[in-house]
file final-v8.csv (CSV, C-alpha atoms and all ligand atoms)
chain,number,residue,atom,x,y,z
A,1,MET,CA,-15.2,-72.3,21.1
A,2,ALA,CA,-14.5,-68.9,22.5
A,3,SER,CA,-11.3,-68.7,20.6
A,4,ARG,CA,-13.0,-69.8,17.3
A,5,ILE,CA,-15.6,-67.0,17.6
A,6,SER,CA,-13.0,-64.4,18.4
A,7,ARG,CA,-10.8,-65.5,15.5
A,8,ARG,CA,-13.8,-65.3,13.1
A,9,MET,CA,-14.7,-61.8,14.4
A,10,TRP,CA,-11.1,-60.8,14.0
A,11,MET,CA,-11.0,-62.0,10.5
A,12,LYS,CA,-14.2,-60.2,9.7
A,13,SER,CA,-13.0,-56.9,11.1
A,14,SER,CA,-9.6,-57.4,9.4
A,15,ALA,CA,-11.4,-58.0,6.1
A,16,ALA,CA,-13.4,-54.8,6.6
A,17,LEU,CA,-10.3,-52.8,7.3
A,18,THR,CA,-8.6,-54.2,4.2
A,19,ALA,CA,-11.6,-53.3,2.1
A,20,ALA,CA,-11.6,-49.8,3.7
A,21,ALA,CA,-7.9,-49.4,2.8
A,22,ALA,CA,-8.6,-50.4,-0.8
A,23,ALA,CA,-11.4,-47.8,-1.0
A,24,GLY,CA,-9.0,-44.9,-0.8
A,25,PRO,CA,-7.5,-42.4,1.7
A,26,MET,CA,-10.8,-41.3,3.1
A,27,ALA,CA,-11.4,-44.9,4.3
A,28,VAL,CA,-8.1,-45.6,6.0
A,29,ALA,CA,-8.6,-46.2,9.7
A,30,GLN,CA,-6.1,-44.5,11.9
A,31,GLY,CA,-7.2,-45.2,15.5
A,32,PRO,CA,-8.7,-42.8,18.0
A,33,LYS,CA,-7.8,-39.2,17.3
A,34,ASN,CA,-9.3,-35.8,17.3
A,35,ILE,CA,-11.7,-35.6,14.4
A,36,VAL,CA,-15.0,-33.9,13.8
A,37,ILE,CA,-17.3,-34.5,10.8
A,38,ALA,CA,-20.5,-32.7,9.8
A,39,SER,CA,-22.9,-32.0,7.0
A,40,SER,CA,-21.9,-29.6,4.3
A,41,ASN,CA,-23.1,-26.5,6.3
A,42,GLY,CA,-20.7,-27.5,9.2
A,43,LYS,CA,-17.4,-25.9,8.4
A,44,GLU,CA,-17.6,-23.4,11.2
A,45,ALA,CA,-19.2,-25.9,13.5
A,46,CYS,CA,-16.4,-28.3,13.0
A,47,ARG,CA,-13.8,-25.6,13.5
A,48,LYS,CA,-15.3,-24.6,16.8
A,49,ALA,CA,-15.8,-28.2,18.0
A,50,MET,CA,-12.2,-29.0,17.1
A,51,GLU,CA,-10.9,-25.9,18.9
A,52,MET,CA,-12.7,-27.1,22.1
A,53,ILE,CA,-11.7,-30.7,21.7
A,54,LYS,CA,-8.0,-29.6,21.4
A,55,ALA,CA,-8.5,-27.6,24.6
A,56,GLY,CA,-9.6,-30.8,26.3
A,57,GLU,CA,-13.3,-30.1,26.5
A,58,ASP,CA,-15.9,-32.8,26.4
A,59,THR,CA,-16.9,-34.0,22.9
A,60,LEU,CA,-20.6,-33.3,23.4
A,61,ASP,CA,-19.9,-29.7,24.7
A,62,ALA,CA,-17.8,-29.3,21.6
A,63,VAL,CA,-20.3,-30.4,19.0
A,64,VAL,CA,-23.2,-28.5,20.7
A,65,ALA,CA,-21.1,-25.3,20.8
A,66,GLY,CA,-20.1,-26.0,17.2
A,67,VAL,CA,-23.6,-26.3,15.8
A,68,GLN,CA,-24.7,-23.4,17.9
A,69,THR,CA,-22.7,-21.2,15.5
A,70,VAL,CA,-25.1,-22.3,12.7
A,71,GLU,CA,-28.2,-22.2,14.9
A,72,LEU,CA,-27.5,-18.5,15.7
A,73,ASP,CA,-26.6,-17.5,12.1
A,74,PRO,CA,-29.4,-15.5,10.6
A,75,THR,CA,-28.2,-16.4,7.0
A,76,GLN,CA,-28.8,-20.1,7.6
A,77,HIS,CA,-32.4,-20.9,6.9
A,78,GLY,CA,-32.5,-24.6,7.6
A,79,VAL,CA,-31.3,-24.6,11.2
A,80,GLY,CA,-32.2,-22.7,14.4
A,81,TYR,CA,-33.0,-18.9,14.5
A,82,ALA,CA,-34.1,-17.7,11.0
A,83,GLY,CA,-35.2,-21.2,10.0
A,84,LEU,CA,-37.9,-21.4,7.4
A,85,PRO,CA,-41.3,-21.8,9.2
A,86,ASN,CA,-44.2,-24.2,9.0
A,87,GLU,CA,-47.2,-23.6,6.8
A,88,ASP,CA,-48.6,-21.2,9.4
A,89,GLY,CA,-45.5,-19.0,9.4
A,90,VAL,CA,-44.2,-20.4,12.7
A,91,VAL,CA,-40.7,-21.7,13.1
A,92,GLU,CA,-40.5,-25.1,14.8
A,93,LEU,CA,-37.1,-26.5,15.7
A,94,ASP,CA,-36.0,-30.0,16.5
A,95,ALA,CA,-32.6,-31.3,17.9
A,96,SER,CA,-31.0,-34.3,19.5
A,97,VAL,CA,-27.7,-35.0,21.3
A,98,MET,CA,-25.9,-38.2,22.3
A,99,HIS,CA,-23.0,-38.5,24.7
A,100,GLY,CA,-20.9,-41.6,24.1
A,101,PRO,CA,-19.0,-41.8,27.5
A,102,SER,CA,-22.2,-41.6,29.6
A,103,ARG,CA,-24.3,-43.4,27.1
A,104,ARG,CA,-27.0,-40.8,27.5
A,105,CYS,CA,-29.1,-38.8,25.1
A,106,GLY,CA,-31.7,-36.0,25.0
A,107,SER,CA,-33.9,-34.4,22.4
A,108,VAL,CA,-36.5,-31.6,21.8
A,109,ALA,CA,-39.0,-31.2,19.0
A,110,GLY,CA,-41.4,-28.5,17.9
A,111,VAL,CA,-39.6,-25.9,19.9
A,112,ARG,CA,-41.0,-22.4,18.9
A,113,MET,CA,-39.1,-19.8,21.0
A,114,VAL,CA,-35.5,-21.0,21.6
A,115,LYS,CA,-32.8,-20.1,19.2
A,116,THR,CA,-30.4,-22.9,20.2
A,117,PRO,CA,-32.4,-26.2,20.5
A,118,ALA,CA,-29.3,-28.4,20.6
A,119,ARG,CA,-28.2,-26.9,23.9
A,120,LEU,CA,-31.8,-27.4,25.2
A,121,ALA,CA,-31.6,-31.1,24.1
A,122,LYS,CA,-28.4,-31.4,26.1
A,123,LEU,CA,-30.2,-30.0,29.2
A,124,VAL,CA,-33.0,-32.5,28.8
A,125,MET,CA,-30.2,-35.1,29.0
A,126,THR,CA,-28.4,-33.6,31.9
A,127,GLU,CA,-31.2,-32.0,34.0
A,128,THR,CA,-34.0,-34.5,33.7
A,129,ASP,CA,-34.6,-38.2,33.7
A,130,HIS,CA,-36.5,-37.9,30.4
A,131,VAL,CA,-35.1,-38.2,26.9
A,132,MET,CA,-37.5,-36.2,24.7
A,133,MET,CA,-39.5,-33.1,25.3
A,134,VAL,CA,-41.8,-31.4,22.7
A,135,GLY,CA,-43.8,-28.3,21.9
A,136,GLN,CA,-45.0,-26.0,24.7
A,137,GLY,CA,-43.5,-28.2,27.4
A,138,ALA,CA,-40.1,-27.9,25.8
A,139,ASP,CA,-40.4,-24.1,25.5
A,140,GLN,CA,-41.5,-23.9,29.2
A,141,PHE,CA,-38.5,-26.2,30.2
A,142,ALA,CA,-36.2,-23.8,28.3
A,143,LYS,CA,-37.7,-20.8,30.2
A,144,ASP,CA,-37.2,-22.7,33.5
A,145,MET,CA,-33.6,-23.4,32.5
A,146,GLY,CA,-33.0,-19.7,32.0
A,147,PHE,CA,-33.3,-19.4,28.2
A,148,LYS,CA,-34.7,-16.2,26.7
A,149,LEU,CA,-37.8,-17.1,24.8
A,150,GLU,CA,-37.6,-15.2,21.5
A,151,GLU,CA,-39.3,-14.9,18.1
A,152,LEU,CA,-37.4,-17.1,15.6
A,153,LEU,CA,-38.9,-15.8,12.4
A,154,THR,CA,-36.7,-13.1,10.6
A,155,ASP,CA,-37.8,-10.7,7.9
A,156,GLU,CA,-36.1,-12.8,5.2
A,157,SER,CA,-37.7,-16.1,6.4
A,158,ARG,CA,-41.1,-14.4,6.6
A,159,LEU,CA,-40.7,-13.1,3.1
A,160,ALA,CA,-39.9,-16.6,1.7
A,161,TRP,CA,-43.0,-17.9,3.6
A,162,LEU,CA,-45.2,-15.1,2.1
A,163,VAL,CA,-44.0,-15.9,-1.4
A,164,TRP,CA,-44.7,-19.6,-0.8
A,165,LYS,CA,-48.1,-18.8,0.7
A,166,LYS,CA,-49.2,-16.6,-2.2
A,167,SER,CA,-48.2,-19.3,-4.6
A,168,VAL,CA,-49.9,-22.3,-3.0
A,169,ARG,CA,-52.6,-23.5,-5.4
A,170,ASP,CA,-55.5,-25.8,-4.9
A,171,LYS,CA,-56.7,-28.2,-7.5
A,172,LYS,CA,-58.7,-25.4,-9.2
A,173,GLY,CA,-55.7,-23.2,-9.5
A,174,HIS,CA,-56.5,-20.8,-6.7
A,175,THR,CA,-54.0,-19.7,-4.2
A,176,ASN,CA,-54.7,-19.4,-0.4
A,177,TRP,CA,-54.2,-15.7,-0.3
A,178,SER,CA,-54.4,-14.3,-3.8
A,179,SER,CA,-54.5,-15.5,-7.4
A,180,GLU,CA,-51.6,-13.3,-8.5
A,181,VAL,CA,-48.5,-15.4,-8.2
A,182,GLU,CA,-47.0,-18.5,-9.9
A,183,THR,CA,-43.8,-19.4,-8.3
A,184,GLY,CA,-42.6,-20.5,-11.8
A,185,ASN,CA,-42.9,-17.0,-13.1
A,186,ALA,CA,-40.3,-14.3,-13.1
A,187,THR,CA,-39.4,-12.4,-9.9
A,188,ALA,CA,-40.7,-9.3,-11.8
A,189,GLU,CA,-44.2,-10.4,-10.9
A,190,LEU,CA,-43.2,-10.8,-7.3
A,191,LYS,CA,-41.7,-7.3,-7.4
A,192,GLU,CA,-45.2,-5.9,-7.9
A,193,LEU,CA,-46.4,-7.7,-4.8
A,194,PHE,CA,-43.4,-6.9,-2.7
A,195,PRO,CA,-42.3,-3.5,-4.1
A,196,ASN,CA,-40.0,-2.8,-1.1
A,197,VAL,CA,-37.9,-5.9,-1.4
A,198,ASP,CA,-34.8,-6.0,-3.6
A,199,GLU,CA,-34.5,-8.4,-6.5
A,200,LYS,CA,-31.8,-10.6,-5.1
A,201,THR,CA,-33.8,-11.2,-1.9
A,202,LEU,CA,-37.0,-11.9,-4.0
A,203,ALA,CA,-35.2,-14.3,-6.2
A,204,TRP,CA,-33.9,-16.2,-3.1
A,205,ALA,CA,-37.5,-16.2,-1.6
A,206,ARG,CA,-38.9,-17.6,-4.9
A,207,GLU,CA,-36.3,-20.3,-4.9
A,208,MET,CA,-37.1,-21.2,-1.3
A,209,ALA,CA,-40.8,-21.3,-2.1
A,210,ILE,CA,-40.3,-23.6,-5.1
A,211,HIS,CA,-37.7,-25.8,-3.6
A,212,PRO,CA,-38.3,-25.9,0.2
A,213,ILE,CA,-35.3,-27.0,2.1
A,214,THR,CA,-34.6,-29.5,4.8
A,215,GLY,CA,-31.5,-27.7,6.1
A,216,THR,CA,-30.3,-29.5,9.2
A,217,ILE,CA,-26.8,-29.9,10.6
A,218,ASN,CA,-25.4,-33.1,11.9
A,219,CYS,CA,-22.0,-33.1,13.7
A,220,LEU,CA,-20.1,-36.1,15.1
A,221,ALA,CA,-16.9,-36.0,17.1
A,222,LEU,CA,-14.2,-38.4,18.3
A,223,ASN,CA,-11.3,-37.4,20.5
A,224,SER,CA,-7.9,-39.0,21.0
A,225,LYS,CA,-9.1,-40.7,24.1
A,226,GLY,CA,-11.7,-42.5,22.0
A,227,GLU,CA,-14.7,-40.6,23.4
A,228,MET,CA,-17.5,-39.8,21.0
A,229,SER,CA,-20.6,-37.6,20.8
A,230,GLY,CA,-23.0,-36.3,18.2
A,231,VAL,CA,-25.7,-33.7,17.6
A,232,THR,CA,-28.4,-33.1,15.0
A,233,THR,CA,-30.3,-29.8,14.8
A,234,THR,CA,-32.8,-28.4,12.3
A,235,SER,CA,-35.8,-26.2,11.5
A,236,GLY,CA,-37.1,-29.2,9.6
A,237,LEU,CA,-39.0,-29.3,6.3
A,238,ALA,CA,-40.0,-25.8,5.2
A,239,TRP,CA,-43.7,-25.2,5.0
A,240,LYS,CA,-44.5,-28.4,6.9
A,241,ILE,CA,-47.8,-29.0,8.5
A,242,ALA,CA,-47.7,-27.5,12.1
A,243,GLY,CA,-46.5,-30.2,14.4
A,244,ARG,CA,-44.7,-32.3,11.9
A,245,ILE,CA,-41.5,-33.7,13.4
A,246,GLY,CA,-38.7,-35.0,11.2
A,247,ASP,CA,-35.9,-37.4,11.9
A,248,SER,CA,-33.5,-35.0,13.6
A,249,PRO,CA,-34.8,-35.3,17.2
A,250,ILE,CA,-35.5,-39.1,16.9
A,251,ILE,CA,-32.7,-41.0,18.6
A,252,GLY,CA,-31.8,-43.8,16.2
A,253,ALA,CA,-33.0,-42.0,13.1
A,254,GLY,CA,-31.4,-38.5,12.8
A,255,LEU,CA,-28.6,-39.4,15.3
A,256,TYR,CA,-27.1,-42.4,17.1
A,257,VAL,CA,-23.8,-42.8,18.9
A,258,ASP,CA,-22.6,-46.0,20.6
A,259,GLN,CA,-19.3,-45.4,22.5
A,260,ASP,CA,-18.2,-49.0,21.6
A,261,VAL,CA,-18.7,-48.6,17.9
A,262,GLY,CA,-19.2,-45.1,16.4
A,263,GLY,CA,-21.8,-42.6,15.5
A,264,ALA,CA,-24.0,-41.7,12.6
A,265,GLY,CA,-26.4,-38.9,11.6
A,266,SER,CA,-28.5,-37.7,8.7
A,267,THR,CA,-29.7,-34.7,6.8
A,268,GLY,CA,-32.4,-34.5,4.1
A,269,ARG,CA,-35.9,-36.1,3.9
A,270,GLY,CA,-36.5,-37.1,7.5
A,271,GLU,CA,-39.6,-39.2,6.8
A,272,GLU,CA,-37.6,-41.7,4.7
A,273,ASN,CA,-34.9,-41.9,7.4
A,274,ILE,CA,-37.4,-42.6,10.2
A,275,ARG,CA,-38.8,-45.5,8.2
A,276,ILE,CA,-35.4,-47.3,8.3
A,277,ALA,CA,-34.1,-46.0,11.7
A,278,GLY,CA,-31.1,-44.8,9.6
A,279,ALA,CA,-28.5,-43.7,12.2
A,280,HIS,CA,-29.0,-46.8,14.4
A,281,THR,CA,-29.0,-49.1,11.3
A,282,ILE,CA,-25.6,-47.6,10.3
A,283,VAL,CA,-24.1,-48.0,13.8
A,284,GLU,CA,-25.3,-51.6,14.0
A,285,ASN,CA,-23.9,-52.2,10.5
A,286,MET,CA,-20.5,-50.9,11.7
A,287,ARG,CA,-20.7,-53.1,14.8
A,288,HIS,CA,-21.0,-56.1,12.5
A,289,GLY,CA,-17.8,-55.1,10.6
A,290,MET,CA,-18.9,-52.8,7.8
A,291,THR,CA,-16.9,-49.7,7.1
A,292,PRO,CA,-18.8,-46.3,7.6
A,293,GLN,CA,-19.2,-46.1,3.9
A,294,GLU,CA,-20.6,-49.6,3.5
A,295,ALA,CA,-22.8,-49.2,6.5
A,296,SER,CA,-24.3,-45.9,5.2
A,297,LEU,CA,-24.8,-47.2,1.6
A,298,ASP,CA,-26.6,-50.1,3.1
A,299,ALA,CA,-29.0,-47.7,4.9
A,300,LEU,CA,-29.5,-45.8,1.6
A,301,LYS,CA,-30.3,-49.2,-0.1
A,302,ARG,CA,-32.9,-49.8,2.5
A,303,ILE,CA,-34.6,-46.5,1.7
A,304,SER,CA,-34.4,-47.4,-2.0
A,305,ARG,CA,-35.9,-50.8,-1.3
A,306,ASN,CA,-38.9,-49.0,0.4
A,307,PHE,CA,-39.6,-47.6,-3.0
A,308,LYS,CA,-39.0,-50.9,-4.9
A,309,ASP,CA,-35.9,-49.1,-6.2
A,310,ASP,CA,-38.2,-46.9,-8.4
A,311,LYS,CA,-35.8,-44.2,-9.3
A,312,ALA,CA,-38.5,-41.8,-10.5
A,313,ARG,CA,-40.0,-41.8,-7.1
A,314,LEU,CA,-36.7,-41.8,-5.3
A,315,ALA,CA,-35.7,-38.7,-7.4
A,316,GLN,CA,-38.4,-36.7,-5.5
A,317,PHE,CA,-36.1,-36.3,-2.5
A,318,ASP,CA,-32.5,-36.2,-1.1
A,319,ILE,CA,-31.0,-37.8,1.9
A,320,ASN,CA,-27.4,-37.9,3.2
A,321,PHE,CA,-25.8,-40.0,5.9
A,322,TYR,CA,-22.6,-39.2,7.9
A,323,ALA,CA,-20.8,-41.9,9.9
A,324,LEU,CA,-17.7,-41.9,12.1
A,325,ARG,CA,-16.3,-45.1,13.5
A,326,LYS,CA,-14.5,-45.3,16.8
A,327,ASP,CA,-11.2,-45.9,15.1
A,328,GLY,CA,-11.4,-42.6,13.2
A,329,LEU,CA,-12.7,-44.0,9.9
A,330,TYR,CA,-15.5,-41.9,8.4
A,331,ALA,CA,-17.7,-41.4,5.4
A,332,GLY,CA,-20.4,-39.1,3.9
A,333,THR,CA,-22.9,-40.7,1.6
A,334,THR,CA,-25.8,-39.4,-0.4
A,335,LEU,CA,-28.8,-40.9,-2.3
A,336,TRP,CA,-28.1,-38.9,-5.4
A,337,THR,CA,-25.5,-37.1,-7.4
A,338,TYR,CA,-26.8,-35.1,-10.3
A,339,GLU,CA,-25.5,-34.5,-13.8
A,340,SER,CA,-27.3,-32.2,-16.2
A,341,GLY,CA,-25.3,-31.3,-19.3
A,342,ALA,CA,-22.1,-29.7,-18.2
A,343,GLN,CA,-23.4,-29.2,-14.7
A,344,LYS,CA,-22.4,-31.7,-12.0
A,345,TYR,CA,-23.7,-31.6,-8.4
A,346,ASN,CA,-22.0,-33.9,-5.9
A,347,PRO,CA,-23.1,-33.3,-2.3
A,348,VAL,CA,-20.2,-32.8,0.1
A,349,PHE,CA,-19.7,-33.1,3.8
A,350,THR,CA,-17.3,-31.5,6.3
A,351,VAL,CA,-14.2,-32.9,7.9
A,352,ASN,CA,-11.9,-31.4,10.5
A,353,ASP,CA,-9.0,-33.5,11.7
A,354,GLY,CA,-7.1,-30.8,13.4
A,355,GLY,CA,-6.5,-28.2,10.7
A,356,GLU,CA,-8.9,-26.2,8.6
A,357,SER,CA,-12.4,-27.6,8.0
A,358,ARG,CA,-12.6,-29.0,4.5
A,359,HIS,CA,-15.3,-30.4,2.3
A,360,GLU,CA,-15.1,-34.0,0.9
A,361,LYS,CA,-17.4,-35.5,-1.6
A,362,CYS,CA,-20.3,-37.8,-0.5
A,363,VAL,CA,-20.3,-41.2,-2.0
A,364,PRO,CA,-23.6,-41.6,-3.9
A,365,LEU,CA,-25.9,-44.6,-4.1
A,366,TYR,CA,-27.2,-43.4,-7.4
A,367,GLU,CA,-26.1,-41.0,-10.1
A,368,ARG,CA,-28.8,-39.0,-11.9
A,369,ARG,CA,-28.4,-37.8,-15.4
A,370,ALA,CA,-30.8,-35.3,-16.9
A,401,LIG,N1,-33.8,-34.1,8.2
A,401,LIG,C1,-34.6,-33.1,8.7
A,401,LIG,C2,-36.0,-33.2,8.6
A,401,LIG,O1,-36.5,-34.0,7.8
A,401,LIG,O2,-36.7,-32.5,9.4

call {"tool": "encode", "arguments": {"input": "final-v8.csv", "output": "structure tokens"}}
result
Amino acid sequence: MASRISRRMWMKSSAALTAAAAAGPMAVAQGPKNIVIASSNGKEACRKAMEMIKAGEDTLDAVVAGVQTVELDPTQHGVGYAGLPNEDGVVELDASVMHGPSRRCGSVAGVRMVKTPARLAKLVMTETDHVMMVGQGADQFAKDMGFKLEELLTDESRLAWLVWKKSVRDKKGHTNWSSEVETGNATAELKELFPNVDEKTLAWAREMAIHPITGTINCLALNSKGEMSGVTTTSGLAWKIAGRIGDSPIIGAGLYVDQDVGGAGSTGRGEENIRIAGAHTIVENMRHGMTPQEASLDALKRISRNFKDDKARLAQFDINFYALRKDGLYAGTTLWTYESGAQKYNPVFTVNDGGESRHEKCVPLYERRA
């Protein structure tokens, strides 16, 4: 009996690997090796993490240090310091970490005064017997751990928030703060309201107000010993209601790592990911023999199913998954690619397998044509 089961399992995984090989070079498993993957904004994070992994450092220390480069970058407005704020103009950060070898995890949410929430999430994991800390308690814990508590809103992020705030309209067409601005109008009108701001910055702020971002960076690592870790960190949905928490700090949604199987993470519309426990779903799919690509596309299909596959409603948001299996096989997937006339947009993700970080195209569930 035992041998029958194990033969069936062998055949299943063998079939999965054959399918993976047929799917192209990206899908070819190569066994445990040093590899780091991340969302599109993770080139520097992957470079830093790979440098540390090559130096023999722990995979979790590597990915946390990697994403910290993005958290501290004032030009990155979807992650860490300089993230776009909530509707009250307050930056609230979320992050989670998972360490394969020790099978432990930690997360923080709604952090308001710490530039590097991923490092704080790691301290929740290593210094407490809790898994998740939120809000004021998480900021206090950071202070107790020696973090400097700092203002996270930069002048640029504040400007984008002001442009959004002045353009929010109620059903009667009134804005909260004035009746002067339509975000759809030219930046020339904004220039009158913000005379001291240059046009390029105003155009950026207008774009942010119209199309609020869910920035987020997810980063997953495997080393040649087969050890795995992952991290996800974000400032969440811009202009969110104060206190809104997305998927990034939710273990099993924005991040999941199982040392025996692999890891997965997400960027994009967190609410839809939480509804399907995306990262855990993907890891479980891989446990049952799916390739990272198959496992992630299945998760996207579950999101689609939640909307009865109604593409008009699904078109209202974006979501991406990243998956790395313990044998080094990996994939980036996305709900949508876009094509509008000559313009094509295919979301990408980042891979570093020891050289330069590079972008590879995400495999889409749907292709949108305008
Ligand atoms: N995926 C990030 C968020 O929804 O907050």

call {"tool": "closest_atom_pairs", "arguments": {"input": "final-v8.csv", "of": "chain A", "to": "ligand LIG 401 (chain A)", "cutoff": "10 Å", "atoms": "all atoms listed in the file", "output": "Markdown table"}}
result
| residue | atom | partner | partner_atom | distance |
| --- | --- | --- | --- | --- |
| A:Gly78 | CA | A:LIG401 | C1 | 8.8 |
| A:Val79 | CA | A:LIG401 | C1 | 9.5 |
| A:Glu92 | CA | A:LIG401 | O2 | 9.9 |
| A:Leu93 | CA | A:LIG401 | O2 | 8.7 |
| A:Asp94 | CA | A:LIG401 | O2 | 7.6 |
| A:Ala95 | CA | A:LIG401 | O2 | 9.5 |
| A:Ala109 | CA | A:LIG401 | O2 | 10.0 |
| A:Ile213 | CA | A:LIG401 | C2 | 9.0 |
| A:Thr214 | CA | A:LIG401 | C1 | 5.3 |
| A:Gly215 | CA | A:LIG401 | C1 | 6.7 |
| A:Thr216 | CA | A:LIG401 | C1 | 5.6 |
| A:Ile217 | CA | A:LIG401 | N1 | 8.5 |
| A:Asn218 | CA | A:LIG401 | N1 | 9.2 |
| A:Thr232 | CA | A:LIG401 | N1 | 8.7 |
| A:Thr233 | CA | A:LIG401 | C1 | 8.2 |
| A:Thr234 | CA | A:LIG401 | C1 | 6.2 |
| A:Ser235 | CA | A:LIG401 | O2 | 6.7 |
| A:Gly236 | CA | A:LIG401 | O2 | 3.3 |
| A:Leu237 | CA | A:LIG401 | O2 | 5.0 |
| A:Ala238 | CA | A:LIG401 | O2 | 8.6 |
| A:Lys240 | CA | A:LIG401 | O2 | 9.2 |
| A:Arg244 | CA | A:LIG401 | O2 | 8.4 |
| A:Ile245 | CA | A:LIG401 | O2 | 6.4 |
| A:Gly246 | CA | A:LIG401 | O2 | 3.7 |
| A:Asp247 | CA | A:LIG401 | C2 | 5.3 |
| A:Ser248 | CA | A:LIG401 | C1 | 5.4 |
| A:Pro249 | CA | A:LIG401 | O2 | 8.5 |
| A:Ala253 | CA | A:LIG401 | N1 | 9.3 |
| A:Gly254 | CA | A:LIG401 | N1 | 6.8 |
| A:Gly265 | CA | A:LIG401 | N1 | 9.5 |
| A:Ser266 | CA | A:LIG401 | N1 | 6.4 |
| A:Thr267 | CA | A:LIG401 | N1 | 4.4 |
| A:Gly268 | CA | A:LIG401 | N1 | 4.4 |
| A:Arg269 | CA | A:LIG401 | O1 | 4.5 |
| A:Gly270 | CA | A:LIG401 | O1 | 3.1 |
| A:Glu271 | CA | A:LIG401 | O1 | 6.1 |
| A:Glu272 | CA | A:LIG401 | O1 | 8.4 |
| A:Asn273 | CA | A:LIG401 | N1 | 7.9 |
| A:Ile274 | CA | A:LIG401 | O1 | 9.0 |
| A:Asp318 | CA | A:LIG401 | N1 | 9.6 |
| A:Ile319 | CA | A:LIG401 | N1 | 7.8 |
| A:Asn320 | CA | A:LIG401 | N1 | 9.0 |

call {"tool": "write_last_selection", "arguments": {"input": "final-v8.csv", "atoms": "C-alpha atoms", "output": "mmCIF file, in the frame of the given file"}}
result
data_model
loop_
_atom_site.group_PDB
_atom_site.id
_atom_site.type_symbol
_atom_site.label_atom_id
_atom_site.label_comp_id
_atom_site.auth_asym_id
_atom_site.auth_seq_id
_atom_site.Cartn_x
_atom_site.Cartn_y
_atom_site.Cartn_z
ATOM 1 C CA GLY A 78 -32.500 -24.600 7.600
ATOM 2 C CA VAL A 79 -31.300 -24.600 11.200
ATOM 3 C CA GLU A 92 -40.500 -25.100 14.800
ATOM 4 C CA LEU A 93 -37.100 -26.500 15.700
ATOM 5 C CA ASP A 94 -36.000 -30.000 16.500
ATOM 6 C CA ALA A 95 -32.600 -31.300 17.900
ATOM 7 C CA ALA A 109 -39.000 -31.200 19.000
ATOM 8 C CA ILE A 213 -35.300 -27.000 2.100
ATOM 9 C CA THR A 214 -34.600 -29.500 4.800
ATOM 10 C CA GLY A 215 -31.500 -27.700 6.100
ATOM 11 C CA THR A 216 -30.300 -29.500 9.200
ATOM 12 C CA ILE A 217 -26.800 -29.900 10.600
ATOM 13 C CA ASN A 218 -25.400 -33.100 11.900
ATOM 14 C CA THR A 232 -28.400 -33.100 15.000
ATOM 15 C CA THR A 233 -30.300 -29.800 14.800
ATOM 16 C CA THR A 234 -32.800 -28.400 12.300
ATOM 17 C CA SER A 235 -35.800 -26.200 11.500
ATOM 18 C CA GLY A 236 -37.100 -29.200 9.600
ATOM 19 C CA LEU A 237 -39.000 -29.300 6.300
ATOM 20 C CA ALA A 238 -40.000 -25.800 5.200
ATOM 21 C CA LYS A 240 -44.500 -28.400 6.900
ATOM 22 C CA ARG A 244 -44.700 -32.300 11.900
ATOM 23 C CA ILE A 245 -41.500 -33.700 13.400
ATOM 24 C CA GLY A 246 -38.700 -35.000 11.200
ATOM 25 C CA ASP A 247 -35.900 -37.400 11.900
ATOM 26 C CA SER A 248 -33.500 -35.000 13.600
ATOM 27 C CA PRO A 249 -34.800 -35.300 17.200
ATOM 28 C CA ALA A 253 -33.000 -42.000 13.100
ATOM 29 C CA GLY A 254 -31.400 -38.500 12.800
ATOM 30 C CA GLY A 265 -26.400 -38.900 11.600
ATOM 31 C CA SER A 266 -28.500 -37.700 8.700
ATOM 32 C CA THR A 267 -29.700 -34.700 6.800
ATOM 33 C CA GLY A 268 -32.400 -34.500 4.100
ATOM 34 C CA ARG A 269 -35.900 -36.100 3.900
ATOM 35 C CA GLY A 270 -36.500 -37.100 7.500
ATOM 36 C CA GLU A 271 -39.600 -39.200 6.800
ATOM 37 C CA GLU A 272 -37.600 -41.700 4.700
ATOM 38 C CA ASN A 273 -34.900 -41.900 7.400
ATOM 39 C CA ILE A 274 -37.400 -42.600 10.200
ATOM 40 C CA ASP A 318 -32.500 -36.200 -1.100
ATOM 41 C CA ILE A 319 -31.000 -37.800 1.900
ATOM 42 C CA ASN A 320 -27.400 -37.900 3.200
#

call {"tool": "closest_residue", "arguments": {"input": "final-v8.csv", "among": "A:Ser296, A:Asn196, A:Ser102, A:Thr337", "to": "Ala315 (chain A)", "atoms": "only C-alpha atoms"}}
result
A:Thr337

call {"tool": "atom_distance", "arguments": {"input": "final-v8.csv", "atom1": "CA of Ile251 (chain A)", "atom2": "CA of Gly328 (chain A)"}}
result
22.0 Å

call {"tool": "residues_around", "arguments": {"input": "final-v8.csv", "residues": "region 146-162 of chain A", "least_positions_apart": "2", "cutoff": "9 Å", "atoms": "all atoms listed in the file", "output": "JSON, numbers by chain"}}
result
{"A": [74, 75, 77, 80, 81, 82, 83, 84, 85, 86, 87, 88, 89, 90, 91, 92, 112, 113, 114, 115, 120, 139, 140, 141, 142, 143, 144, 164, 165, 166, 167, 194, 197, 201, 202, 204, 205, 206, 207, 208, 209, 238, 239]}

call {"tool": "residues_around", "arguments": {"input": "final-v8.csv", "residues": "region 363-367 of chain A", "least_positions_apart": "3", "cutoff": "9 Å", "atoms": "only C-alpha atoms", "output": "ChimeraX atom specification"}}
result
/A:293,297,300-301,311,320,331-339,346-348

call {"tool": "residues_around", "arguments": {"input": "final-v8.csv", "residues": "Ser229 (chain A)", "least_positions_apart": "3", "cutoff": "12 Å", "atoms": "all atoms listed in the file", "output": "PyMOL selection string"}}
result
chain A and resi 34-37+49+53+57-64+96-106+122+218-223+226+232+255-265+323-326

call {"tool": "atom_distance", "arguments": {"input": "final-v8.csv", "atom1": "CA of Glu127 (chain A)", "atom2": "CA of Gln68 (chain A)"}}
result
19.4 Å
